[in-house]
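Below is one structure; the comments refer to it alone.
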Protein chains: 4
Amino acid sequence: MSAYQREVLVRFAHCDPAGIVFYPRYFEMINGVVEDWFEDALGTSFSGLLYHRGLGTPTVHFEVDFTARSMMGDRLTFFLTVERLGRSSFSLDIRVTGHGQERVRVKQTLLFTDAKAMRAQPIPDDLRARMEHYRAAG
Amino acid sequence: MSAYQREVLVRFAHCDPAGIVFYPRYFEMINGVVEDWFEDALGTSFSGLLYHRGLGTPTVHFEVDFTARSMMGDRLTFFLTVERLGRSSFSLDIRVTGHGQERVRVKQTLLFTDAKAMRAQPIPDDLRARMEHYRAAG
Amino acid sequence: MSAYQREVLVRFAHCDPAGIVFYPRYFEMINGVVEDWFEDALGTSFSGLLYHRGLGTPTVHFEVDFTARSMMGDRLTFFLTVERLGRSSFSLDIRVTGHGQERVRVKQTLLFTDAKAMRAQPIPDDLRARMEHYRAAG
Amino acid sequence: MSAYQREVLVRFAHCDPAGIVFYPRYFEMINGVVEDWFEDALGTSFSGLLYHRGLGTPTVHFEVDFTARSMMGDRLTFFLTVERLGRSSFSLDIRVTGHGQERVRVKQTLLFTDAKAMRAQPIPDDLRARMEHYRAAG
């Protein structure tokens with residue numbers, strides 16, 4: 001297994017009057033990295049999931065440590081691994097570094113649901129098989 | 001003690017293609033409620049803190065449970081209490097309800113820092129005294 | 001006729017590293033004010049339009065002058081009048097002031113569409129009648 | 001002369017409950033494309049401008065036509081040319097296409113200012129020279 005990696009540039013738009021990343025923007029970055037992982041690594045776009053399979057993947061839990069600040073112009077690297085694969089839900093471990101220093105540590109739990117009724121659905125088999133490749137080493 | 005309360009309307013702008021609140025927007029709402037609490041209850045605006053006292057209040061930790069979805073037009077009520085008051089950091093407990101149902105449960109830890117050097121600073125005494133009023137009952 | 005009025009607080013979340021409102025945030029404010037006007041003055045929420053009538057109101061044109069900067073903590077007043085009422089489209093004139101000074105001047109044209117096919121639809125009669133009250137004096 | 005080009009993926013985060021790009025997100029994309037143009041083509045980052053030269057580039061005028069909708073997963077191409085180069089201000093022409101179809105047409109005027117006093121400043125000579133290369137053909 002290896003982590004899925006993605007670089008994100010800290011833009012003017014991400015920063016607050018103190019000149020550092022405003023935390024809601026980190027959550028937008030996280031959403032974008034998970035979206036890219038679905039498309040690049042799991043072979044399924046969020047739009048395909050929603051419009052063709054009628055599935056949503058709402059987040060049900062977050063645990064986040066902001067260990068160092070990031071500033072405009074920093075190039076952050078996101079490392080994503082799968083920590084837990086349940087029947088309907090799964091947990092991701094996401095580490096964010098900049099200039100070799102840890103910036104943010106995230107544990108995110110998402111749930112597959114029927115997009116209309118919002119009831120839990122099993123993780124589709126094709127996705128589950130690909131998710132296994134990103135499982136964190138025991 | 002009593003919780004600080006604040007109502008937030010779920011707007012079109014907060015919702016995603018599945019018609020529910022997109023989680024980064026919840027974090028914007030949380031930031032706004034904490035900002036209002038500072039101004040209304042602690043007597044100090046974020047802009048006063050930053051420009052007149054040279055202080056920032058970055059968030060260092062989040063623990064969030066999204067227990068039920070919220071939709072466009074919902075009026076959410078945020079209840080904020082202080083769970084812990086340290087020397088430089090403090091933890092908030094924020095509950096979000098809609099139509100009497102719990103939607104989100106947040107534990108947020110913020111840190112007072114020197115806005116330039118980003119080093120921890122003691123919680124100013126005037127703010128600490130007012131924060132005590134929002135302390136969750138033991 | 002009189003303008004529809006609405007006050008919006010400039011929050012920390014709206015401001016950029018230069019300490020002034022980041023322009024995409026002005027467009028979020030504009031969207032919110034138009035949303036409030038629909039709900040308060042036209043008697044129809046965006047969510048009712050979309051989910052019960054199958055109608056969307058995409059913006060097709062903007063002309064915006066940012067005449068003075070706004071800063072964190074400013075309380076802006078938005079004044080909205082209807083400049084033109086066509087068959088399917090209508091144009092709004094929105095003036096934004098702060099401390100009695102003009103900050104932003106907006107001309108926005110929106111179009112009623114079928115939310116699925118995105119084809120132009122006539123402005124519903126009940127909405128048209130109420131929009132007339134906000135028509136700018138000739 | 002040739003246009004500066006940039007591709008932007010329409011993400012889940014950009015889309016509204018009707019499934020199309022929410023217009024404030026277009027303005028975030030525009031800001032990002034102009035930021036990239038400054039860094040890639042003009043040799044100066046927004047952060048360098050602000051923190052090392054004390055300069056800001058607030059937008060003073062927008063004229064925008066949204067000619068066709070964009071949906072999640074679309075890959076948009078932004079084409080930027082310089083339409084006018086004044087002493088302190090300059091105007092950009094930005095065309096956005098998707099699947100070979102025009103989606104958005106933008107005219108944006110920005111102003112160089114002293115970031116503190118917000119007074120107009122002449123466009124720095126090094127930037128002006130590089131901006132000339134992106135001038136739209138007469």
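Note on naming: chains are A, B, ... as they come in the structure tokens, residues start from 1 per chain, ligands start from 1 in the order shown.
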Practice prompt. Kindly determine which residues of chain C lie within 8 Å of chain B, considering only C-alpha atoms, and give the answer as number ranges by chain.
Written response: C: 11-13, 28, 31-32, 35, 45-47, 72-73
Practice prompt. Extract, using only C-alpha atoms, all DNA, RNA and protein residues at most 9 Å from stretch 85-93 of chain A, discarding same-chain residues fewer than 5 positions from it, and format them as a VMD selection string.
Written response: chain A and resid 57 60 to 61 79 to 80 105 to 113 120 to 124 128 131 to 132 135 to 136
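You will find atom CA of D:Asp126 at 18.2 Å from atom CA of D:Glu83.
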Fill in: Test item: residues at most 9 Å from D:Tyr26, only C-alpha atoms, excluding those fewer than 5 positions along its chain, as a ChimeraX atom specification
/C:24 /D:14,21,31,104
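Taking atom CA of C:Ile20 and atom CA of B:Thr44 as endpoints, the distance between them is 19.2 Å.
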Among the residues of chain C, find those DSSP assigns to strand (DSSP E) from the backbone and print them as a tab-separated table (two decimals) with all heavy atoms, in the first residue's frame.
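Okay, this is what ended up in selection25.tsv:
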chain	number	residue	atom	x	y	z
C	4	TYR	N	-35.77	47.59	-1.36
C	4	TYR	CA	-35.66	46.56	-0.33
C	4	TYR	C	-34.30	46.76	0.34
C	4	TYR	O	-33.29	46.93	-0.35
C	4	TYR	CB	-35.73	45.17	-0.97
C	4	TYR	CG	-35.51	44.03	-0.01
C	4	TYR	CD1	-36.51	43.66	0.89
C	4	TYR	CD2	-34.31	43.33	0.02
C	4	TYR	CE1	-36.32	42.62	1.78
C	4	TYR	CE2	-34.11	42.29	0.92
C	4	TYR	CZ	-35.11	41.94	1.80
C	4	TYR	OH	-34.91	40.91	2.67
C	5	GLN	N	-34.28	46.78	1.68
C	5	GLN	CA	-33.04	47.08	2.40
C	5	GLN	C	-32.61	45.93	3.28
C	5	GLN	O	-33.46	45.24	3.87
C	5	GLN	CB	-33.29	48.26	3.33
C	5	GLN	CG	-32.90	49.58	2.74
C	5	GLN	CD	-33.16	50.69	3.74
C	5	GLN	OE1	-34.13	51.44	3.58
C	5	GLN	NE2	-32.32	50.80	4.75
C	6	ARG	N	-31.34	45.80	3.44
C	6	ARG	CA	-30.81	44.66	4.19
C	6	ARG	C	-29.43	45.02	4.69
C	6	ARG	O	-28.61	45.58	3.94
C	6	ARG	CB	-30.69	43.50	3.19
C	6	ARG	CG	-30.59	42.17	3.81
C	6	ARG	CD	-31.93	41.61	4.18
C	6	ARG	NE	-31.74	40.53	5.13
C	6	ARG	CZ	-32.66	40.08	5.93
C	6	ARG	NH1	-33.88	40.60	5.93
C	6	ARG	NH2	-32.40	39.11	6.77
C	7	GLU	N	-29.17	44.73	5.96
C	7	GLU	CA	-27.84	45.03	6.50
C	7	GLU	C	-27.01	43.75	6.55
C	7	GLU	O	-27.51	42.69	6.91
C	7	GLU	CB	-28.01	45.59	7.92
C	7	GLU	CG	-26.83	46.42	8.37
C	7	GLU	CD	-27.03	47.01	9.75
C	7	GLU	OE1	-27.80	47.98	9.88
C	7	GLU	OE2	-26.43	46.47	10.70
C	8	VAL	N	-25.75	43.85	6.19
C	8	VAL	CA	-24.85	42.70	6.24
C	8	VAL	C	-23.57	43.11	6.97
C	8	VAL	O	-22.95	44.13	6.63
C	8	VAL	CB	-24.49	42.19	4.83
C	8	VAL	CG1	-23.50	41.02	4.90
C	8	VAL	CG2	-25.74	41.77	4.05
C	9	LEU	N	-23.20	42.35	7.99
C	9	LEU	CA	-21.96	42.60	8.73
C	9	LEU	C	-20.77	42.03	7.97
C	9	LEU	O	-20.81	40.89	7.52
C	9	LEU	CB	-22.07	41.91	10.10
C	9	LEU	CG	-20.80	41.89	10.96
C	9	LEU	CD1	-20.42	43.31	11.42
C	9	LEU	CD2	-21.00	40.98	12.18
C	55	LEU	N	-38.07	25.58	-10.73
C	55	LEU	CA	-37.52	26.78	-11.37
C	55	LEU	C	-36.18	27.18	-10.76
C	55	LEU	O	-36.00	27.11	-9.55
C	55	LEU	CB	-38.49	27.95	-11.23
C	55	LEU	CG	-39.81	27.87	-11.99
C	55	LEU	CD1	-40.73	29.03	-11.62
C	55	LEU	CD2	-39.56	27.86	-13.51
C	56	GLY	N	-35.28	27.62	-11.59
C	56	GLY	CA	-34.02	28.21	-11.15
C	56	GLY	C	-33.98	29.67	-11.58
C	56	GLY	O	-34.77	30.08	-12.45
C	59	THR	N	-28.02	33.77	-12.81
C	59	THR	CA	-27.62	35.12	-13.18
C	59	THR	C	-26.99	35.06	-14.57
C	59	THR	O	-26.16	34.19	-14.83
C	59	THR	CB	-26.63	35.68	-12.15
C	59	THR	OG1	-27.35	35.88	-10.93
C	59	THR	CG2	-26.02	37.01	-12.60
C	60	VAL	N	-27.39	35.96	-15.46
C	60	VAL	CA	-26.81	35.96	-16.79
C	60	VAL	C	-25.89	37.15	-17.04
C	60	VAL	O	-25.09	37.13	-17.99
C	60	VAL	CB	-27.90	35.89	-17.90
C	60	VAL	CG1	-28.62	34.53	-17.83
C	60	VAL	CG2	-28.91	37.03	-17.78
C	61	HIS	N	-25.98	38.17	-16.20
C	61	HIS	CA	-25.14	39.34	-16.42
C	61	HIS	C	-24.88	40.08	-15.10
C	61	HIS	O	-25.77	40.17	-14.26
C	61	HIS	CB	-25.84	40.30	-17.40
C	61	HIS	CG	-25.02	41.48	-17.76
C	61	HIS	ND1	-23.90	41.40	-18.55
C	61	HIS	CD2	-25.14	42.80	-17.42
C	61	HIS	CE1	-23.37	42.61	-18.69
C	61	HIS	NE2	-24.11	43.47	-18.01
C	62	PHE	N	-23.67	40.58	-14.99
C	62	PHE	CA	-23.28	41.42	-13.84
C	62	PHE	C	-22.50	42.62	-14.35
C	62	PHE	O	-21.66	42.48	-15.26
C	62	PHE	CB	-22.32	40.67	-12.91
C	62	PHE	CG	-22.94	40.07	-11.69
C	62	PHE	CD1	-22.80	38.70	-11.45
C	62	PHE	CD2	-23.65	40.83	-10.79
C	62	PHE	CE1	-23.35	38.12	-10.32
C	62	PHE	CE2	-24.21	40.26	-9.65
C	62	PHE	CZ	-24.07	38.91	-9.43
C	63	GLU	N	-22.76	43.75	-13.76
C	63	GLU	CA	-21.92	44.92	-13.98
C	63	GLU	C	-21.70	45.50	-12.59
C	63	GLU	O	-22.66	45.88	-11.91
C	63	GLU	CB	-22.66	45.92	-14.85
C	63	GLU	CG	-21.83	46.46	-15.99
C	63	GLU	CD	-22.66	47.33	-16.89
C	63	GLU	OE1	-23.62	46.79	-17.50
C	63	GLU	OE2	-22.38	48.55	-16.95
C	64	VAL	N	-20.46	45.56	-12.15
C	64	VAL	CA	-20.19	45.89	-10.76
C	64	VAL	C	-19.08	46.94	-10.67
C	64	VAL	O	-18.03	46.79	-11.30
C	64	VAL	CB	-19.76	44.64	-9.97
C	64	VAL	CG1	-19.58	44.97	-8.49
C	64	VAL	CG2	-20.77	43.52	-10.13
C	65	ASP	N	-19.33	47.98	-9.89
C	65	ASP	CA	-18.29	48.96	-9.57
C	65	ASP	C	-17.99	48.90	-8.08
C	65	ASP	O	-18.91	49.07	-7.26
C	65	ASP	CB	-18.74	50.38	-9.94
C	65	ASP	CG	-18.76	50.56	-11.44
C	65	ASP	OD1	-17.68	50.61	-12.04
C	65	ASP	OD2	-19.88	50.62	-12.00
C	66	PHE	N	-16.73	48.66	-7.76
C	66	PHE	CA	-16.30	48.68	-6.36
C	66	PHE	C	-15.72	50.07	-6.15
C	66	PHE	O	-14.61	50.35	-6.60
C	66	PHE	CB	-15.24	47.60	-6.12
C	66	PHE	CG	-15.75	46.21	-6.38
C	66	PHE	CD1	-15.49	45.58	-7.60
C	66	PHE	CD2	-16.50	45.53	-5.43
C	66	PHE	CE1	-15.95	44.29	-7.86
C	66	PHE	CE2	-16.97	44.24	-5.69
C	66	PHE	CZ	-16.70	43.62	-6.90
C	75	ARG	N	-20.65	47.59	8.89
C	75	ARG	CA	-22.03	47.14	8.66
C	75	ARG	C	-22.50	47.77	7.36
C	75	ARG	O	-22.67	48.97	7.27
C	75	ARG	CB	-22.96	47.53	9.82
C	75	ARG	CG	-22.62	46.74	11.06
C	75	ARG	CD	-23.56	46.91	12.23
C	75	ARG	NE	-23.11	46.06	13.30
C	75	ARG	CZ	-23.45	44.78	13.44
C	75	ARG	NH1	-24.30	44.23	12.60
C	75	ARG	NH2	-22.95	44.06	14.42
C	76	LEU	N	-22.68	46.92	6.36
C	76	LEU	CA	-23.05	47.40	5.04
C	76	LEU	C	-24.57	47.36	4.88
C	76	LEU	O	-25.22	46.45	5.37
C	76	LEU	CB	-22.42	46.51	3.97
C	76	LEU	CG	-20.90	46.38	4.03
C	76	LEU	CD1	-20.40	45.44	2.93
C	76	LEU	CD2	-20.24	47.75	3.88
C	77	THR	N	-25.12	48.36	4.20
C	77	THR	CA	-26.54	48.32	3.86
C	77	THR	C	-26.68	48.13	2.36
C	77	THR	O	-26.04	48.83	1.57
C	77	THR	CB	-27.26	49.61	4.32
C	77	THR	OG1	-26.99	49.79	5.71
C	77	THR	CG2	-28.77	49.48	4.13
C	78	PHE	N	-27.49	47.14	2.01
C	78	PHE	CA	-27.77	46.84	0.61
C	78	PHE	C	-29.16	47.42	0.28
C	78	PHE	O	-30.11	47.18	1.03
C	78	PHE	CB	-27.79	45.32	0.37
C	78	PHE	CG	-26.42	44.69	0.36
C	78	PHE	CD1	-25.62	44.66	1.50
C	78	PHE	CD2	-25.91	44.12	-0.81
C	78	PHE	CE1	-24.35	44.08	1.49
C	78	PHE	CE2	-24.64	43.54	-0.83
C	78	PHE	CZ	-23.86	43.52	0.32
C	79	PHE	N	-29.26	48.16	-0.81
C	79	PHE	CA	-30.54	48.70	-1.29
C	79	PHE	C	-30.81	48.08	-2.66
C	79	PHE	O	-30.02	48.26	-3.58
C	79	PHE	CB	-30.47	50.22	-1.49
C	79	PHE	CG	-30.19	50.99	-0.24
C	79	PHE	CD1	-28.88	51.19	0.18
C	79	PHE	CD2	-31.22	51.50	0.52
C	79	PHE	CE1	-28.61	51.90	1.34
C	79	PHE	CE2	-30.95	52.22	1.69
C	79	PHE	CZ	-29.64	52.42	2.11
C	80	LEU	N	-31.92	47.38	-2.78
C	80	LEU	CA	-32.23	46.66	-4.02
C	80	LEU	C	-33.49	47.24	-4.66
C	80	LEU	O	-34.52	47.37	-4.00
C	80	LEU	CB	-32.42	45.18	-3.67
C	80	LEU	CG	-32.82	44.17	-4.73
C	80	LEU	CD1	-32.43	42.76	-4.27
C	80	LEU	CD2	-34.30	44.20	-5.06
C	81	THR	N	-33.41	47.59	-5.94
C	81	THR	CA	-34.61	47.95	-6.70
C	81	THR	C	-34.61	47.17	-8.02
C	81	THR	O	-33.58	46.66	-8.45
C	81	THR	CB	-34.69	49.47	-7.03
C	81	THR	OG1	-33.49	49.86	-7.69
C	81	THR	CG2	-34.86	50.32	-5.78
C	82	VAL	N	-35.81	47.08	-8.61
C	82	VAL	CA	-35.95	46.39	-9.90
C	82	VAL	C	-35.82	47.44	-11.00
C	82	VAL	O	-36.56	48.41	-11.03
C	82	VAL	CB	-37.32	45.68	-9.99
C	82	VAL	CG1	-37.53	45.10	-11.38
C	82	VAL	CG2	-37.43	44.62	-8.92
C	83	GLU	N	-34.89	47.22	-11.89
C	83	GLU	CA	-34.65	48.21	-12.94
C	83	GLU	C	-35.42	47.87	-14.21
C	83	GLU	O	-35.84	48.75	-14.96
C	83	GLU	CB	-33.15	48.24	-13.25
C	83	GLU	CG	-32.74	49.52	-13.93
C	83	GLU	CD	-31.28	49.48	-14.30
C	83	GLU	OE1	-30.91	48.91	-15.34
C	83	GLU	OE2	-30.48	50.01	-13.49
C	84	ARG	N	-35.60	46.58	-14.46
C	84	ARG	CA	-36.23	46.13	-15.69
C	84	ARG	C	-36.94	44.81	-15.42
C	84	ARG	O	-36.40	43.95	-14.74
C	84	ARG	CB	-35.16	45.91	-16.77
C	84	ARG	CG	-35.70	45.79	-18.19
C	84	ARG	CD	-34.55	45.47	-19.16
C	84	ARG	NE	-33.85	44.27	-18.74
C	84	ARG	CZ	-34.27	43.02	-19.01
C	84	ARG	NH1	-35.36	42.80	-19.73
C	84	ARG	NH2	-33.59	41.98	-18.56
C	85	LEU	N	-38.14	44.68	-15.94
C	85	LEU	CA	-38.90	43.43	-15.80
C	85	LEU	C	-39.26	42.95	-17.19
C	85	LEU	O	-40.14	43.54	-17.85
C	85	LEU	CB	-40.19	43.71	-15.02
C	85	LEU	CG	-40.29	43.29	-13.55
C	85	LEU	CD1	-41.61	43.70	-12.96
C	85	LEU	CD2	-40.07	41.80	-13.39
C	89	SER	N	-36.61	37.47	-17.97
C	89	SER	CA	-35.46	38.00	-17.24
C	89	SER	C	-35.83	39.32	-16.56
C	89	SER	O	-36.80	39.97	-16.94
C	89	SER	CB	-34.28	38.20	-18.19
C	89	SER	OG	-34.50	39.31	-19.03
C	90	PHE	N	-35.05	39.69	-15.57
C	90	PHE	CA	-35.26	40.96	-14.88
C	90	PHE	C	-33.91	41.46	-14.39
C	90	PHE	O	-32.99	40.67	-14.16
C	90	PHE	CB	-36.27	40.80	-13.73
C	90	PHE	CG	-35.84	39.85	-12.65
C	90	PHE	CD1	-35.30	40.31	-11.45
C	90	PHE	CD2	-35.97	38.47	-12.83
C	90	PHE	CE1	-34.89	39.41	-10.46
C	90	PHE	CE2	-35.57	37.57	-11.85
C	90	PHE	CZ	-35.03	38.04	-10.66
C	91	SER	N	-33.81	42.78	-14.24
C	91	SER	CA	-32.54	43.38	-13.84
C	91	SER	C	-32.71	44.11	-12.52
C	91	SER	O	-33.70	44.83	-12.32
C	91	SER	CB	-32.04	44.35	-14.89
C	91	SER	OG	-31.82	43.66	-16.10
C	92	LEU	N	-31.76	43.90	-11.65
C	92	LEU	CA	-31.76	44.54	-10.33
C	92	LEU	C	-30.68	45.60	-10.27
C	92	LEU	O	-29.61	45.45	-10.87
C	92	LEU	CB	-31.49	43.50	-9.25
C	92	LEU	CG	-32.49	42.34	-9.18
C	92	LEU	CD1	-32.04	41.31	-8.15
C	92	LEU	CD2	-33.88	42.85	-8.85
C	93	ASP	N	-30.99	46.63	-9.53
C	93	ASP	CA	-29.99	47.65	-9.21
C	93	ASP	C	-29.73	47.50	-7.71
C	93	ASP	O	-30.67	47.60	-6.92
C	93	ASP	CB	-30.56	49.03	-9.55
C	93	ASP	CG	-29.59	50.14	-9.21
C	93	ASP	OD1	-29.49	50.50	-8.01
C	93	ASP	OD2	-28.94	50.64	-10.13
C	94	ILE	N	-28.49	47.23	-7.34
C	94	ILE	CA	-28.16	47.04	-5.93
C	94	ILE	C	-27.05	48.02	-5.56
C	94	ILE	O	-26.02	48.07	-6.22
C	94	ILE	CB	-27.71	45.58	-5.65
C	94	ILE	CG1	-28.84	44.60	-6.05
C	94	ILE	CG2	-27.33	45.39	-4.19
C	94	ILE	CD1	-28.43	43.12	-6.01
C	95	ARG	N	-27.32	48.83	-4.53
C	95	ARG	CA	-26.32	49.78	-4.04
C	95	ARG	C	-25.90	49.33	-2.66
C	95	ARG	O	-26.77	49.01	-1.83
C	95	ARG	CB	-26.92	51.20	-3.89
C	95	ARG	CG	-27.60	51.73	-5.12
C	95	ARG	CD	-26.55	52.22	-6.11
C	95	ARG	NE	-27.20	52.42	-7.40
C	95	ARG	CZ	-27.06	53.54	-8.11
C	95	ARG	NH1	-26.31	54.54	-7.66
C	95	ARG	NH2	-27.64	53.64	-9.28
C	96	VAL	N	-24.63	49.38	-2.40
C	96	VAL	CA	-24.11	48.97	-1.10
C	96	VAL	C	-23.41	50.16	-0.47
C	96	VAL	O	-22.53	50.76	-1.10
C	96	VAL	CB	-23.11	47.80	-1.24
C	96	VAL	CG1	-22.67	47.30	0.12
C	96	VAL	CG2	-23.71	46.67	-2.07
C	97	THR	N	-23.82	50.50	0.75
C	97	THR	CA	-23.17	51.62	1.43
C	97	THR	C	-22.67	51.17	2.80
C	97	THR	O	-23.15	50.19	3.37
C	97	THR	CB	-24.14	52.80	1.65
C	97	THR	OG1	-25.20	52.35	2.50
C	97	THR	CG2	-24.75	53.29	0.34
C	98	GLY	N	-21.70	51.89	3.30
C	98	GLY	CA	-21.15	51.64	4.63
C	98	GLY	C	-20.76	52.98	5.23
C	98	GLY	O	-20.15	53.80	4.53
C	101	GLN	N	-21.29	55.92	3.03
C	101	GLN	CA	-20.47	56.08	1.82
C	101	GLN	C	-20.79	54.94	0.86
C	101	GLN	O	-20.94	53.80	1.28
C	101	GLN	CB	-19.00	55.99	2.27
C	101	GLN	CG	-17.97	56.06	1.18
C	101	GLN	CD	-16.61	55.55	1.65
C	101	GLN	OE1	-16.53	54.59	2.42
C	101	GLN	NE2	-15.55	56.19	1.17
C	102	GLU	N	-20.85	55.25	-0.43
C	102	GLU	CA	-21.09	54.18	-1.39
C	102	GLU	C	-19.87	53.28	-1.48
C	102	GLU	O	-18.74	53.76	-1.57
C	102	GLU	CB	-21.39	54.77	-2.76
C	102	GLU	CG	-21.88	53.70	-3.73
C	102	GLU	CD	-21.92	54.20	-5.15
C	102	GLU	OE1	-20.83	54.48	-5.72
C	102	GLU	OE2	-23.03	54.33	-5.69
C	103	ARG	N	-20.11	51.97	-1.45
C	103	ARG	CA	-19.02	51.00	-1.54
C	103	ARG	C	-19.06	50.21	-2.85
C	103	ARG	O	-18.04	49.97	-3.47
C	103	ARG	CB	-19.09	50.01	-0.36
C	103	ARG	CG	-19.00	50.66	1.00
C	103	ARG	CD	-17.59	51.16	1.28
C	103	ARG	NE	-17.50	51.94	2.51
C	103	ARG	CZ	-17.39	51.42	3.73
C	103	ARG	NH1	-17.36	50.12	3.90
C	103	ARG	NH2	-17.30	52.22	4.78
C	104	VAL	N	-20.25	49.74	-3.21
C	104	VAL	CA	-20.39	48.90	-4.40
C	104	VAL	C	-21.70	49.26	-5.10
C	104	VAL	O	-22.69	49.60	-4.44
C	104	VAL	CB	-20.43	47.39	-4.03
C	104	VAL	CG1	-20.33	46.53	-5.28
C	104	VAL	CG2	-19.32	47.02	-3.05
C	105	ARG	N	-21.69	49.20	-6.41
C	105	ARG	CA	-22.86	49.47	-7.24
C	105	ARG	C	-22.99	48.30	-8.20
C	105	ARG	O	-22.03	47.98	-8.91
C	105	ARG	CB	-22.60	50.76	-8.03
C	105	ARG	CG	-23.80	51.60	-8.30
C	105	ARG	CD	-23.43	53.01	-8.74
C	105	ARG	NE	-22.33	53.02	-9.68
C	105	ARG	CZ	-21.32	53.88	-9.64
C	105	ARG	NH1	-21.28	54.84	-8.73
C	105	ARG	NH2	-20.36	53.82	-10.53
C	106	VAL	N	-24.15	47.66	-8.20
C	106	VAL	CA	-24.31	46.42	-8.95
C	106	VAL	C	-25.51	46.50	-9.87
C	106	VAL	O	-26.57	46.98	-9.47
C	106	VAL	CB	-24.56	45.23	-7.98
C	106	VAL	CG1	-24.73	43.91	-8.74
C	106	VAL	CG2	-23.47	45.13	-6.93
C	107	LYS	N	-25.34	46.04	-11.09
C	107	LYS	CA	-26.48	45.76	-11.95
C	107	LYS	C	-26.43	44.27	-12.26
C	107	LYS	O	-25.42	43.78	-12.79
C	107	LYS	CB	-26.41	46.60	-13.23
C	107	LYS	CG	-27.69	46.45	-14.02
C	107	LYS	CD	-27.73	47.37	-15.20
C	107	LYS	CE	-28.68	46.75	-16.23
C	107	LYS	NZ	-28.83	47.64	-17.39
C	108	GLN	N	-27.49	43.57	-11.88
C	108	GLN	CA	-27.51	42.11	-12.02
C	108	GLN	C	-28.74	41.70	-12.82
C	108	GLN	O	-29.86	42.16	-12.54
C	108	GLN	CB	-27.59	41.49	-10.61
C	108	GLN	CG	-27.61	39.96	-10.61
C	108	GLN	CD	-27.67	39.37	-9.20
C	108	GLN	OE1	-27.94	40.08	-8.24
C	108	GLN	NE2	-27.44	38.08	-9.09
C	109	THR	N	-28.55	40.88	-13.83
C	109	THR	CA	-29.69	40.36	-14.59
C	109	THR	C	-29.84	38.87	-14.34
C	109	THR	O	-28.87	38.12	-14.46
C	109	THR	CB	-29.51	40.63	-16.10
C	109	THR	OG1	-29.35	42.04	-16.28
C	109	THR	CG2	-30.73	40.16	-16.90
C	110	LEU	N	-31.04	38.49	-13.94
C	110	LEU	CA	-31.34	37.08	-13.67
C	110	LEU	C	-32.40	36.60	-14.64
C	110	LEU	O	-33.16	37.40	-15.19
C	110	LEU	CB	-31.85	36.90	-12.24
C	110	LEU	CG	-30.89	37.34	-11.11
C	110	LEU	CD1	-31.26	38.72	-10.60
C	110	LEU	CD2	-30.90	36.34	-9.96
C	111	LEU	N	-32.45	35.30	-14.79
C	111	LEU	CA	-33.34	34.69	-15.77
C	111	LEU	C	-34.10	33.55	-15.10
C	111	LEU	O	-33.48	32.73	-14.42
C	111	LEU	CB	-32.47	34.12	-16.91
C	111	LEU	CG	-33.16	33.43	-18.08
C	111	LEU	CD1	-33.93	34.44	-18.91
C	111	LEU	CD2	-32.11	32.73	-18.95
C	113	THR	N	-35.59	30.03	-15.28
C	113	THR	CA	-35.42	28.87	-16.17
C	113	THR	C	-36.06	27.65	-15.54
C	113	THR	O	-36.21	27.56	-14.32
C	113	THR	CB	-33.92	28.51	-16.38
C	113	THR	OG1	-33.36	28.14	-15.11
C	113	THR	CG2	-33.13	29.64	-16.98
C	114	ASP	N	-36.38	26.72	-16.40
C	114	ASP	CA	-36.71	25.37	-16.00
C	114	ASP	C	-35.41	24.79	-15.43
C	114	ASP	O	-34.38	24.80	-16.11
C	114	ASP	CB	-37.13	24.64	-17.30
C	114	ASP	CG	-37.38	23.18	-17.09
C	114	ASP	OD1	-36.47	22.49	-16.60
C	114	ASP	OD2	-38.47	22.73	-17.41
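Minimum atom-to-atom distances from A:Ala41, A:Ala3, A:Ala18, A:His133 to B:Ala117 were compared using only C-alpha atoms, and the lowest value belongs to A:Ala18.
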Fill in: Secondary structure check, alpha helix (DSSP H) residues of chain C, as JSON, numbers by chain
{"C": [23, 24, 25, 26, 27, 28, 29, 30, 31, 32, 33, 34, 35, 36, 37, 38, 39, 40, 46, 47, 48, 49, 50, 51, 52, 125, 126, 127, 128, 129, 130, 131, 132]}
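The gap separating atom CA of D:Ser70 from atom CA of D:Pro17 is 13.2 Å, in Å to one decimal.
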